[in-house]
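The next block is work.tsv, given as TSV, C-alpha atoms.
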```
chain	number	residue	atom	x	y	z
A	307	MET	CA	27.60	22.94	-5.43
A	308	PRO	CA	27.05	20.27	-8.09
A	309	GLU	CA	27.10	21.71	-11.58
A	310	SER	CA	24.25	19.66	-13.08
A	311	LEU	CA	21.58	22.31	-12.43
A	312	PRO	CA	21.09	26.02	-13.28
A	313	TRP	CA	21.29	26.93	-9.59
A	314	SER	CA	20.84	30.66	-10.13
A	315	GLN	CA	17.45	30.03	-11.76
A	316	LEU	CA	16.10	27.70	-9.08
A	317	GLU	CA	13.50	29.06	-6.66
A	318	ASP	CA	13.32	27.82	-3.08
A	319	HIS	CA	9.78	27.68	-1.69
A	320	TRP	CA	8.59	27.07	1.86
A	321	ILE	CA	5.13	25.52	2.06
A	322	ASP	CA	2.95	25.11	5.15
A	323	SER	CA	1.13	21.80	5.31
A	324	ASP	CA	-0.95	21.77	8.48
A	325	GLY	CA	1.95	23.04	10.58
A	326	VAL	CA	4.71	21.09	8.82
A	327	ARG	CA	7.01	23.25	6.72
A	328	LEU	CA	7.98	21.69	3.39
A	329	HIS	CA	10.86	22.74	1.21
A	330	ALA	CA	10.39	22.74	-2.56
A	331	VAL	CA	12.48	23.79	-5.53
A	332	ALA	CA	10.82	25.26	-8.63
A	333	LEU	CA	12.03	25.98	-12.14
A	334	GLY	CA	10.18	27.38	-15.16
A	335	GLU	CA	6.71	28.72	-15.84
A	336	GLY	CA	3.53	27.06	-17.04
A	337	PRO	CA	1.29	24.18	-15.99
A	338	LEU	CA	2.44	22.57	-12.74
A	339	VAL	CA	4.42	19.32	-12.69
A	340	VAL	CA	5.18	18.13	-9.13
A	341	PHE	CA	7.95	15.58	-8.43
A	342	CYS	CA	7.71	13.37	-5.30
A	343	HIS	CA	10.76	11.39	-4.22
A	344	GLY	CA	11.02	8.28	-2.06
A	345	PHE	CA	13.71	6.73	0.13
A	346	PRO	CA	16.57	7.36	-0.16
A	347	GLY	CA	15.76	10.46	-2.16
A	348	LEU	CA	15.42	14.25	-2.01
A	349	TRP	CA	14.18	16.96	-4.34
A	350	TYR	CA	17.65	16.63	-5.87
A	351	SER	CA	16.80	13.13	-7.11
A	352	TRP	CA	14.98	14.92	-9.97
A	353	ARG	CA	17.93	17.13	-10.95
A	354	HIS	CA	18.00	15.73	-14.50
A	355	GLN	CA	14.26	16.24	-15.01
A	356	LEU	CA	13.67	19.79	-13.73
A	357	PRO	CA	15.49	21.66	-16.54
A	358	MET	CA	13.96	19.47	-19.25
A	359	VAL	CA	10.42	19.90	-17.92
A	360	ALA	CA	10.91	23.66	-17.55
A	361	GLN	CA	12.19	23.91	-21.12
A	362	LEU	CA	9.01	22.21	-22.32
A	363	GLY	CA	7.00	25.08	-20.87
A	364	PHE	CA	5.96	23.67	-17.50
A	365	ARG	CA	6.57	24.84	-13.94
A	366	ALA	CA	8.62	21.98	-12.50
A	367	VAL	CA	8.46	21.62	-8.71
A	368	ALA	CA	10.38	19.02	-6.70
A	369	ILE	CA	9.67	18.73	-2.99
A	370	ASP	CA	11.68	17.50	-0.04
A	371	GLN	CA	9.14	15.17	1.53
A	372	ARG	CA	8.35	15.63	5.22
A	373	GLY	CA	11.20	14.07	7.17
A	374	TYR	CA	13.82	14.78	4.50
A	375	GLY	CA	16.32	17.44	3.54
A	376	GLN	CA	15.28	20.99	4.38
A	377	SER	CA	11.67	20.09	5.21
A	378	ASP	CA	10.52	19.63	8.80
A	379	ARG	CA	11.16	16.21	10.34
A	380	PRO	CA	8.34	15.21	12.70
A	381	VAL	CA	9.23	12.27	14.95
A	382	GLU	CA	5.76	10.74	15.42
A	383	VAL	CA	5.11	7.79	13.13
A	384	ALA	CA	1.49	8.83	12.51
A	385	ASP	CA	2.71	12.11	11.01
A	386	TYR	CA	3.83	10.14	7.95
A	387	ASP	CA	0.58	8.39	7.05
A	388	SER	CA	-0.92	8.49	3.57
A	389	ALA	CA	-3.56	11.09	4.46
A	390	ARG	CA	-0.85	13.53	5.56
A	391	HIS	CA	1.23	12.85	2.46
A	392	CYS	CA	-1.76	13.56	0.24
A	393	GLY	CA	-2.35	16.68	2.32
A	394	ASP	CA	1.19	17.78	1.54
A	395	LEU	CA	0.52	17.68	-2.21
A	396	LEU	CA	-2.74	19.57	-1.78
A	397	ALA	CA	-0.74	22.17	0.16
A	398	VAL	CA	1.71	22.41	-2.76
A	399	LEU	CA	-1.19	23.14	-5.10
A	400	ARG	CA	-2.50	25.86	-2.80
A	401	HIS	CA	0.93	27.41	-2.45
A	402	PHE	CA	1.34	27.75	-6.21
A	403	GLY	CA	-2.25	28.89	-6.74
A	404	GLU	CA	-3.25	25.86	-8.76
A	405	ASP	CA	-6.17	23.45	-8.55
A	406	ARG	CA	-4.51	20.62	-10.49
A	407	ALA	CA	-1.10	19.29	-11.47
A	408	ILE	CA	0.70	16.43	-13.13
A	409	PHE	CA	2.25	14.40	-10.31
A	410	VAL	CA	5.41	12.34	-10.81
A	411	GLY	CA	6.39	9.91	-8.06
A	412	HIS	CA	9.15	7.48	-7.17
A	413	ASP	CA	9.22	4.79	-4.45
A	414	PHE	CA	7.22	6.13	-1.46
A	415	GLY	CA	6.44	9.12	-3.67
A	416	THR	CA	4.82	6.73	-6.14
A	417	ALA	CA	2.45	5.42	-3.49
A	418	GLN	CA	1.64	9.05	-2.68
A	419	VAL	CA	0.84	9.75	-6.34
A	420	TRP	CA	-1.32	6.62	-6.71
A	421	ASN	CA	-3.23	7.71	-3.60
A	422	MET	CA	-3.78	11.17	-5.05
A	423	ALA	CA	-5.25	9.67	-8.23
A	424	VAL	CA	-7.70	7.55	-6.22
A	425	ARG	CA	-8.54	9.89	-3.35
A	426	HIS	CA	-8.24	13.30	-5.04
A	427	PRO	CA	-8.61	12.67	-8.79
A	428	GLU	CA	-9.93	16.20	-9.32
A	429	ALA	CA	-6.45	17.48	-8.37
A	430	CYS	CA	-4.67	15.33	-10.96
A	431	VAL	CA	-4.25	16.31	-14.60
A	432	ALA	CA	-2.26	13.09	-15.00
A	433	ILE	CA	0.16	10.97	-13.00
A	434	VAL	CA	3.55	9.37	-13.61
A	435	PRO	CA	4.14	6.68	-10.98
A	436	THR	CA	7.52	4.96	-11.26
A	437	SER	CA	9.05	1.79	-9.84
A	438	CYS	CA	6.06	0.61	-7.75
A	439	PRO	CA	3.02	-0.76	-9.64
A	440	TYR	CA	-0.43	0.17	-8.41
A	441	ASP	CA	-1.33	-1.34	-5.02
A	442	PHE	CA	1.96	-3.23	-4.71
A	443	ASP	CA	3.58	-0.76	-2.34
A	444	LEU	CA	4.35	-2.03	1.14
A	445	ALA	CA	0.92	-0.94	2.42
A	446	GLY	CA	-1.03	-2.21	-0.59
A	447	ARG	CA	-3.21	-5.26	-1.24
A	448	GLY	CA	-1.76	-6.46	-4.52
A	449	CYS	CA	-4.85	-5.39	-6.51
A	450	ALA	CA	-6.89	-8.02	-4.67
A	451	GLY	CA	-9.44	-5.53	-3.37
A	452	SER	CA	-11.11	-5.42	0.02
A	453	GLN	CA	-11.99	-9.11	0.30
A	454	THR	CA	-9.65	-11.69	1.78
A	455	ALA	CA	-8.50	-13.75	-1.17
A	456	ALA	CA	-7.59	-17.41	-1.36
A	457	GLY	CA	-4.92	-19.05	-3.46
A	458	ASP	CA	-1.72	-17.55	-4.76
A	459	ILE	CA	-2.42	-14.04	-3.48
A	460	THR	CA	-1.81	-15.20	0.09
A	461	GLN	CA	1.65	-16.37	-0.87
A	462	ARG	CA	2.86	-12.88	-1.75
A	463	PRO	CA	5.68	-11.56	0.43
A	464	PHE	CA	3.56	-8.49	1.25
A	465	ALA	CA	0.85	-6.33	-0.38
A	466	ARG	CA	-1.82	-8.77	0.73
A	467	PRO	CA	-5.51	-8.23	1.54
A	468	ASP	CA	-5.56	-10.74	4.38
A	469	LEU	CA	-2.52	-9.85	6.47
A	470	ALA	CA	-1.23	-6.53	7.81
A	471	PRO	CA	2.13	-5.45	6.39
A	472	SER	CA	4.08	-5.77	9.64
A	473	ALA	CA	2.91	-9.38	9.99
A	474	CYS	CA	4.10	-10.08	6.44
A	475	PHE	CA	7.46	-8.50	7.20
A	476	ALA	CA	7.81	-10.57	10.39
A	477	ALA	CA	7.02	-13.77	8.49
A	478	LEU	CA	9.80	-13.03	6.00
A	479	ALA	CA	12.20	-12.25	8.84
A	480	GLU	CA	11.72	-15.79	10.16
A	481	HIS	CA	13.76	-16.95	7.18
A	482	HIS	CA	16.28	-14.16	6.64
A	483	PHE	CA	17.01	-10.50	7.28
A	484	PHE	CA	14.37	-8.20	5.84
A	485	HIS	CA	14.84	-4.45	6.05
A	486	MET	CA	11.13	-3.66	6.30
A	487	HIS	CA	10.91	-5.77	9.46
A	488	TYR	CA	14.15	-4.36	10.85
A	489	PHE	CA	12.85	-0.82	10.46
A	490	GLN	CA	9.63	-1.45	12.43
A	491	SER	CA	11.30	-1.00	15.83
A	492	VAL	CA	12.20	2.55	16.77
A	493	GLY	CA	15.84	2.88	17.75
A	494	PRO	CA	18.02	0.13	16.23
A	495	ALA	CA	18.09	1.52	12.70
A	496	GLU	CA	18.66	5.09	13.92
A	497	ALA	CA	21.56	3.93	16.10
A	498	GLU	CA	23.13	1.89	13.31
A	499	LEU	CA	22.64	4.09	10.28
A	500	GLY	CA	22.84	7.67	11.54
A	501	PRO	CA	26.50	7.54	12.62
A	502	ARG	CA	27.41	5.86	9.32
A	503	ALA	CA	25.05	7.86	7.11
A	504	ARG	CA	27.40	8.43	4.20
A	505	GLU	CA	28.46	4.79	4.09
A	506	PHE	CA	24.84	3.64	4.29
A	507	LEU	CA	23.69	5.94	1.51
A	508	GLN	CA	26.52	4.96	-0.80
A	509	ARG	CA	25.92	1.25	-0.24
A	510	LEU	CA	22.15	1.56	-0.62
A	511	TYR	CA	22.26	3.67	-3.78
A	512	TRP	CA	24.56	1.10	-5.36
A	513	ALA	CA	22.59	-1.93	-4.13
A	514	LEU	CA	19.41	-0.50	-5.64
A	515	SER	CA	21.03	0.34	-8.96
A	516	GLY	CA	20.92	-1.79	-12.07
A	517	LYS	CA	24.35	-3.23	-11.25
A	518	GLY	CA	23.71	-3.78	-7.53
A	519	ASN	CA	22.23	-6.65	-5.52
A	520	LEU	CA	19.83	-5.44	-2.87
A	521	LEU	CA	18.32	-8.89	-2.44
A	522	GLY	CA	21.51	-10.48	-1.13
A	523	TRP	CA	20.01	-10.28	2.37
A	524	ASP	CA	18.57	-13.79	1.98
A	525	ARG	CA	21.97	-15.12	3.14
A	526	TYR	CA	21.71	-13.46	6.56
A	527	PRO	CA	19.54	-14.28	9.58
A	528	ALA	CA	17.33	-11.55	11.01
A	529	ALA	CA	18.54	-11.99	14.58
A	530	GLY	CA	21.54	-9.85	15.41
A	531	THR	CA	21.85	-8.47	11.88
A	532	GLY	CA	21.84	-4.81	10.88
A	533	TYR	CA	21.25	-3.34	7.45
A	534	LEU	CA	24.90	-2.53	6.87
A	535	ASP	CA	25.72	-6.18	7.52
A	536	VAL	CA	23.78	-7.21	4.41
A	537	LEU	CA	24.60	-4.32	2.07
A	538	ALA	CA	27.78	-5.01	0.13
A	539	PRO	CA	30.39	-2.25	-0.05
A	540	ALA	CA	29.85	0.01	-3.04
A	541	PRO	CA	32.54	0.77	-5.62
A	542	PRO	CA	34.29	4.11	-5.16
A	543	LEU	CA	32.64	7.21	-6.52
A	544	PRO	CA	32.19	8.65	-9.06
A	545	TRP	CA	29.83	6.30	-10.89
A	546	SER	CA	28.43	6.85	-14.36
A	547	TRP	CA	25.23	8.24	-12.81
A	548	MET	CA	26.47	9.74	-9.52
A	549	SER	CA	29.31	12.24	-9.20
A	550	ASP	CA	31.20	12.95	-6.00
A	551	ALA	CA	29.49	16.34	-5.84
A	552	ASP	CA	26.04	14.80	-6.32
A	553	PHE	CA	26.60	12.31	-3.53
A	554	ASP	CA	28.10	14.89	-1.20
A	555	TYR	CA	25.07	17.14	-1.65
A	556	LEU	CA	22.63	14.30	-0.98
A	557	ALA	CA	24.50	13.12	2.13
A	558	ARG	CA	24.82	16.62	3.58
A	559	GLN	CA	21.12	17.26	3.11
A	560	TYR	CA	20.23	14.07	4.99
A	561	LEU	CA	22.47	15.09	7.87
A	562	LEU	CA	21.11	18.64	8.23
A	563	ALA	CA	19.03	17.58	11.25
A	564	GLY	CA	21.79	15.46	12.80
A	565	GLU	CA	22.49	11.75	12.86
A	566	GLU	CA	19.47	10.76	14.97
A	567	LEU	CA	16.97	12.26	12.52
A	568	ALA	CA	18.96	11.71	9.34
A	569	PHE	CA	16.65	9.00	8.03
A	570	ILE	CA	13.47	9.61	10.05
A	571	GLY	CA	11.40	10.29	6.93
A	572	GLY	CA	12.18	6.94	5.38
A	573	LEU	CA	12.11	4.92	8.60
A	574	ASN	CA	8.74	6.27	9.69
A	575	SER	CA	7.33	5.66	6.23
A	576	TYR	CA	8.06	1.96	6.79
A	577	ARG	CA	6.67	2.07	10.33
A	578	VAL	CA	3.37	3.57	9.22
A	579	ALA	CA	2.65	0.68	6.84
A	580	ASP	CA	-0.05	-0.92	9.03
A	581	ARG	CA	-1.79	2.42	9.54
A	582	ASN	CA	-1.73	3.08	5.80
A	583	TRP	CA	-3.04	-0.43	5.12
A	584	GLN	CA	-6.04	0.31	7.34
A	585	ILE	CA	-6.60	3.76	5.81
A	586	GLY	CA	-6.38	2.25	2.35
A	587	LEU	CA	-9.19	-0.25	2.99
A	588	HIS	CA	-11.74	2.43	2.10
A	589	TRP	CA	-10.29	2.62	-1.44
A	590	ALA	CA	-9.20	-1.01	-1.78
A	591	ASP	CA	-11.62	-1.73	-4.64
A	592	ALA	CA	-10.95	1.51	-6.51
A	593	GLY	CA	-9.35	1.67	-9.91
A	594	VAL	CA	-7.35	4.53	-11.36
A	595	GLU	CA	-9.07	6.53	-14.09
A	596	VAL	CA	-6.58	9.41	-14.19
A	597	THR	CA	-4.36	9.39	-17.28
A	598	THR	CA	-1.24	7.45	-16.27
A	599	LEU	CA	2.28	6.76	-17.48
A	600	PHE	CA	4.10	4.00	-15.57
A	601	VAL	CA	7.88	3.77	-15.82
A	602	ALA	CA	10.37	1.49	-14.09
A	603	GLY	CA	13.90	0.26	-14.49
A	604	ALA	CA	13.95	-3.22	-15.99
A	605	GLU	CA	16.41	-4.25	-13.25
A	606	ASP	CA	14.51	-2.64	-10.37
A	607	ALA	CA	14.68	-4.76	-7.20
A	608	VAL	CA	11.10	-3.71	-6.38
A	609	LEU	CA	9.78	-5.52	-9.46
A	610	LYS	CA	11.81	-8.58	-8.53
A	611	MET	CA	10.33	-8.65	-5.01
A	612	ILE	CA	6.64	-8.25	-5.71
A	613	GLY	CA	5.76	-10.99	-8.21
A	614	ASP	CA	5.64	-11.58	-11.95
A	615	ASP	CA	1.95	-10.70	-12.32
A	616	ALA	CA	2.13	-7.24	-10.75
A	617	LEU	CA	2.30	-5.33	-14.03
A	618	ALA	CA	-0.61	-7.25	-15.55
A	619	LEU	CA	-2.75	-6.75	-12.45
A	620	MET	CA	-1.92	-3.06	-12.48
A	621	ALA	CA	-2.95	-2.76	-16.13
A	622	ALA	CA	-6.31	-4.37	-15.31
A	623	ARG	CA	-7.01	-1.95	-12.47
A	624	VAL	CA	-5.68	1.26	-14.04
A	625	SER	CA	-8.08	2.14	-16.84
A	626	GLY	CA	-6.21	5.41	-17.34
A	627	LEU	CA	-2.94	3.65	-18.16
A	628	SER	CA	-1.80	5.07	-21.49
A	629	ARG	CA	1.73	3.71	-21.53
A	630	MET	CA	4.04	1.43	-19.56
A	631	GLU	CA	7.79	1.59	-20.10
A	632	LEU	CA	10.61	-0.53	-18.64
A	633	ILE	CA	14.01	1.08	-19.15
A	634	PRO	CA	16.74	-1.48	-19.99
A	635	GLY	CA	19.75	-1.53	-17.69
A	636	ALA	CA	18.18	0.74	-15.08
A	637	GLY	CA	17.56	-0.25	-11.50
A	638	HIS	CA	15.48	1.54	-8.88
A	639	PHE	CA	16.73	5.05	-9.70
A	640	MET	CA	15.99	5.11	-13.42
A	641	GLN	CA	15.59	8.91	-13.35
A	642	MET	CA	19.23	9.21	-12.25
A	643	GLU	CA	20.73	6.08	-13.82
A	644	LYS	CA	19.24	6.53	-17.29
A	645	PRO	CA	18.06	10.16	-17.39
A	646	LEU	CA	18.05	10.50	-21.18
A	647	ALA	CA	15.82	7.45	-21.63
A	648	PHE	CA	13.53	8.46	-18.78
A	649	ASN	CA	13.32	12.08	-19.94
A	650	ARG	CA	12.40	11.02	-23.46
A	651	VAL	CA	9.43	9.00	-22.21
A	652	LEU	CA	8.40	11.68	-19.71
A	653	ALA	CA	8.63	14.47	-22.29
A	654	GLU	CA	6.43	12.59	-24.77
A	655	PHE	CA	3.84	12.01	-22.06
A	656	LEU	CA	3.86	15.61	-20.84
A	657	GLU	CA	3.37	16.90	-24.37
A	658	SER	CA	0.37	14.60	-24.75
A	659	CYS	CA	-1.18	16.07	-21.59
A	660	ARG	CA	-1.31	19.68	-22.83
```
Take the structure from the file and write it as structure tokens.
Amino acid sequence: MPESLPWSQLEDHWIDSDGVRLHAVALGEGPLVVFCHGFPGLWYSWRHQLPMVAQLGFRAVAIDQRGYGQSDRPVEVADYDSARHCGDLLAVLRHFGEDRAIFVGHDFGTAQVWNMAVRHPEACVAIVPTSCPYDFDLAGRGCAGSQTAAGDITQRPFARPDLAPSACFAALAEHHFFHMHYFQSVGPAEAELGPRAREFLQRLYWALSGKGNLLGWDRYPAAGTGYLDVLAPAPPLPWSWMSDADFDYLARQYLLAGEELAFIGGLNSYRVADRNWQIGLHWADAGVEVTTLFVAGAEDAVLKMIGDDALALMAARVSGLSRMELIPGAGHFMQMEKPLAFNRVLAEFLESCR
């Protein structure tokens, strides 16, 4: 096992969420801090944060999202919608006997945490969304609200109020390969990526890092192109932020359910974008009043994709925003790439929430 965690002190928990069994790892005692990963992530994506948060006097809990790791992996796309993901976090609260928690999210987990703050604010002491600004996830509306907007907003690649996500993805795919469009069809991505899971994960982790180039897909046509065709080979492990043991653990956890279901959690989270966009209409004009810390890597490909005004629009809609931090040199996985910098910011925020 990787040596970066006090494994003997970790507690495995099995949580029922409306018939779906979730796996979670807990460390420490005190007020609850719940970590929600995205794709490609696992509970282990927070390995550098759990000991620090526990040492501060909190109960740190990191979940394997539905469809990942040791959690159940439903195959129906609808089983991954935003209502079910919020339900999973409410189930975590029930399991630990708590009414409220501080929720920390990354990637798809960030969208989950934003949704909790809007739809279940009574369950949130505070939130720490990372990487994805408010309402700029792939099922968002770019802070434009419920009304169809004119002007520049309709030129966004996605996160628009006037066009469903899958239509936005298809429009981008008319010009070049776009992974969100490629993932919409059930079958091709499973067939391509499952048998080459380790290669895919290594390439994707590197492409999303501060030194990678995820956006190089603009040189490839959509027709006849797979994701591995556009992801450049990664340098050999170990990297400064990923050991051989770390990567081996992550890859093995993805493959626990076999090649066909290795990435079902991530793929179905892309495929449910239109459903989430419709669900989200009810809250499209809502702001976020819950106390919020937003953190991202300064080199995150997500920020480069969504538009220069995303952070300013988020600040206008999130009245609870107490701090926004961009970590120099970090890409999408700032919690793994720059753990000391991320932990410093997170620790200061958690102390302020006591």
### Separation of atom CA of Ile433 of chain A from atom CA of Trp512 of chain A, in Å and rounded to one decimal
27.4 Å
#### Entry: Selection near Phe484 of chain A, 7 Å with all atoms listed in the file, sequence-local residues under 3 positions removed, as a PyMOL selection string
chain A and resi 478-479+487-488+523+528
### Query
Expressed in Å to a single decimal, how great is the separation between atom CA of Met422 of chain A and atom CA of Val596 of chain A?
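About the pair atom CA of Met422 of chain A and atom CA of Val596 of chain A: they are 9.7 Å apart.
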### Separation of atom CA of Leu348 of chain A from atom CA of Asp370 of chain A, in Å and rounded to one decimal
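Straight-line distance from atom CA of Leu348 of chain A to atom CA of Asp370 of chain A works out to 5.3 Å.
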### Task
Extract, using only C-alpha atoms, all DNA, RNA and protein residues at most 9 Å from Asp441 of chain A, discarding same-chain residues fewer than 2 positions from it, and format them as a ChimeraX atom specification.
/A:417,420,438-439,443-450,465,590,616,620
### Message
Between A:Ser323, A:Gln453, A:Gln641, A:Ser658, which residue has the minimum interatomic distance to His391 of chain A, considering all atoms listed in the file?
### Response
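Checking each of A:Ser323, A:Gln453, A:Gln641, A:Ser658 against His391 of chain A, counting all atoms listed in the file, the winner is A:Ser323.
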#### Entry: Residue list as a VMD selection string for point (20.0, 4.2, -11.2), cut-off 9 Å, only C-alpha atoms
chain A and resid 511 to 512 514 to 517 547 to 548 603 606 635 to 645
### Query
Between A:Phe409, A:Trp320, A:Phe483, A:Tyr374, which is the closest to Asp524 of chain A once you count only C-alpha atoms?
A:Phe483
Hey, what's within 9 Å of segment 552-556 of chain A if we count all atoms listed in the file and toss same-chain stuff fewer than 3 positions away? As a short mmCIF file (atom, residue, chain, number, x, y, z; two decimals) with C-alpha atoms, keeping the file's coordinate frame, please?
```cif
data_model
loop_
_atom_site.label_atom_id
_atom_site.label_comp_id
_atom_site.auth_asym_id
_atom_site.auth_seq_id
_atom_site.Cartn_x
_atom_site.Cartn_y
_atom_site.Cartn_z
CA MET A 307 27.60 22.94 -5.43
CA PRO A 308 27.05 20.27 -8.09
CA GLU A 309 27.10 21.71 -11.58
CA SER A 310 24.25 19.66 -13.08
CA GLY A 347 15.76 10.46 -2.16
CA LEU A 348 15.42 14.25 -2.01
CA TYR A 350 17.65 16.63 -5.87
CA SER A 351 16.80 13.13 -7.11
CA GLY A 375 16.32 17.44 3.54
CA ARG A 504 27.40 8.43 4.20
CA LEU A 507 23.69 5.94 1.51
CA GLN A 508 26.52 4.96 -0.80
CA LEU A 543 32.64 7.21 -6.52
CA PRO A 544 32.19 8.65 -9.06
CA MET A 548 26.47 9.74 -9.52
CA SER A 549 29.31 12.24 -9.20
CA GLN A 559 21.12 17.26 3.11
CA TYR A 560 20.23 14.07 4.99
CA LEU A 561 22.47 15.09 7.87
#
```
